[in-house]
Structure formats: C-alpha cells, structure tokens
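Following: one structure in structure tokens, then a few remarks.
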Amino acid sequence: MQIPNHNRAARVNELVTRLREKGHRITPQRLAILKLLVENESHPSVEQVYEQIRPDFPTTSLATVYKTVNMLKEEGEILELGFANHSSRYDSNRPYSHPHLICIHCQDIIDAEVIEMAEFPDTLTEKYGYQILNHRVDFYGICPKCQMEAQKPE
Ligand SMILES: [Zn+2]
Ligand SMILES: [Zn+2]
C-alpha cells in the first residue's frame, strides 16, 4: 500500500499532529530530530541525526535520538533498514516497504521510484498464495557523485 506522494514539510506537520494526539510531547529538539528523519533524503543513521542536530541543540544526547526513533517505530511512523555491517538507516517520510538504491562507496541511500514494484505483492499473492506483509528490496551500486569522483584526474 502506497501513501500518495506529498511534500516532506506537510508530512512533518501531519506526523507532529498525530504524535501529539497520541499523547507524545514534541519538544523543539524532538521536532528537529523528526524533521531530519523525514526531510533528509539520504536515510540517516541515528549517529548521523545526532551529528546534524548537535550544533543547534548542544545538550541533545545520542539516547534522545534513539528514544525518538523508538517512539516512531512504536507508532509505525518510520521504516528501519538494518544492515549486518553498519548502523541501521531510517526513513520517516515513507514508513512502509519501498525499494532503495544504496551506494557501496559513500553509503548514501535514496528511494528508488519503481512503478512496477507496487504490483509485485499482488503478483506474489496470486502465484504463491502468500499474504504479503512487507518486503525489502535494495539495489546496490555506485552513485553518480562517486562515479564522478572516480573519474577525476589525479
Ligand atoms: Zn556514493
Ligand atoms: Zn526510503
């Protein structure tokens, strides 16, 4: 199931409203963390969120970021991408399964907009009788930026 596309600022506002309705307190630093998790297109890790938040909120701890991520997980408002050899990365803009492009060089992760993918679960249900709950599709490669850097003369 896909939520229709909408801009990320609107998603932040909806998210804050929904979290407040559920009784969560949204402090200015929590809001800043939420914004990063929704608006940062490269799917930050908890550590990356922490690094980016610290200049504005020097008293923020790594634990605060973890707590916010856990709250979002409990509410089903964030997608976690776990990896065997590095930190989990997060997408709170689209908190449901969707395909990603992952750069093996700089570890950048972006959403891969593939229309065909939306029909995949139905096809699998028809073919195998499974009720599909979620999926994980990662495309590994080298991003355009890293390709450019590799081509630069010495
Ligand atoms: Zn790259
Ligand atoms: Zn994503």
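Just so we're on the same page: first chain in the structure tokens is A, next is B, and so on; residues restart at 1 for each chain, and ligands are numbered from 1 in the order they show up.
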
Near-range 93-104 of chain A list (6 Å; only C-alpha atoms; drop same-chain fewer than 4 positions) as a list in words: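 Result of the neighbour search: Val38, Glu77, Ile78, Leu79, Asp108, Ile109, Ile110, Asp111, Ala112, Asn134, His135, Val137, Asp138, Phe139, Tyr140, Gly141, Ile142 and Cys143 of chain A.
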
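For range 10-49 of chain A, backbone-based DSSP assignment of alpha helix (DSSP H) covers Ala10, Arg11, Val12, Asn13, Glu14, Leu15, Val16, Thr17, Arg18, Leu19, Arg20, Glu21, Pro28, Gln29, Arg30, Leu31, Ala32, Ile33, Leu34, Lys35, Leu36, Leu37, Val38, Glu39, Val46, Glu47, Gln48 and Val49 of chain A.
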
Okay, now the selection with C-alpha atoms, as a compact mmCIF listing (two decimals), in the first residue's frame?
# COMPACT_ATOMS: atom_id res chain seq x y z
CA ALA A 10 3.44 18.53 5.05
CA ARG A 11 4.43 15.07 6.27
CA VAL A 12 6.27 16.63 9.25
CA ASN A 13 3.16 18.62 10.20
CA GLU A 14 0.85 15.61 9.92
CA LEU A 15 3.26 13.49 11.91
CA VAL A 16 3.55 16.03 14.73
CA THR A 17 -0.25 16.36 14.91
CA ARG A 18 -0.70 12.59 15.05
CA LEU A 19 2.01 12.09 17.68
CA ARG A 20 0.53 14.86 19.86
CA GLU A 21 -2.93 13.27 19.59
CA PRO A 28 11.87 21.62 19.97
CA GLN A 29 14.76 19.12 19.85
CA ARG A 30 12.37 16.23 19.13
CA LEU A 31 10.85 18.30 16.34
CA ALA A 32 14.32 18.90 14.89
CA ILE A 33 15.01 15.13 15.01
CA LEU A 34 11.67 14.34 13.36
CA LYS A 35 12.36 16.86 10.61
CA LEU A 36 15.71 15.29 9.82
CA LEU A 37 14.22 11.80 9.71
CA VAL A 38 11.52 12.96 7.30
CA GLU A 39 13.33 15.56 5.22
CA VAL A 46 20.90 7.62 14.49
CA GLU A 47 24.54 8.78 14.67
CA GLN A 48 24.14 11.00 11.60
CA VAL A 49 20.99 12.59 13.02

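Distance-wise, CA of Arg89 in chain A and CA of Gln107 in chain A end up 10.0 Å apart.
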
Surrounding residues of Glu51 in chain A excluding itself and chain neighbours under 6 positions, 12 Å, only C-alpha atoms, as a PyMOL selection string: chain A and resi 33+36+44-45+57-62+65

Members of range 11-152 of chain A assigned strand (DSSP E) by DSSP, as an MDAnalysis selection string: chainID A and resid 79:81 89:91 100:103 109:111 138:141

Separation of CA of Ser92 in chain A from CA of Arg8 in chain A, in Å and rounded to one decimal: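 Separation of CA of Ser92 in chain A and CA of Arg8 in chain A: 9.6 Å.
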
Interatomic distance (Å, one decimal) between CA of Asn85 in chain A and CA of Met117 in chain A: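 CA of Asn85 in chain A sits 26.6 Å away from CA of Met117 in chain A.
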
Given only C-alpha atoms and all ligand atoms as the counted atoms, nearest of A:Ala118, A:Cys106, A:Leu81, A:Ala9 to ligand 2: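 Among the listed residues, the smallest separation from ligand 2 belongs to A:Leu81.
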
Pick from A:Ala150, A:Glu119, A:Lys22, A:Ile53, whichever lies nearest to ligand 1 using only C-alpha atoms and all ligand atoms: A:Ala150

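Comparing the minimum interatomic distances between ligand 2 and each of A:Gly76, A:Asp56, A:Ala84, A:Asp91, counting only C-alpha atoms and all ligand atoms, we find that A:Asp91 sits nearest.
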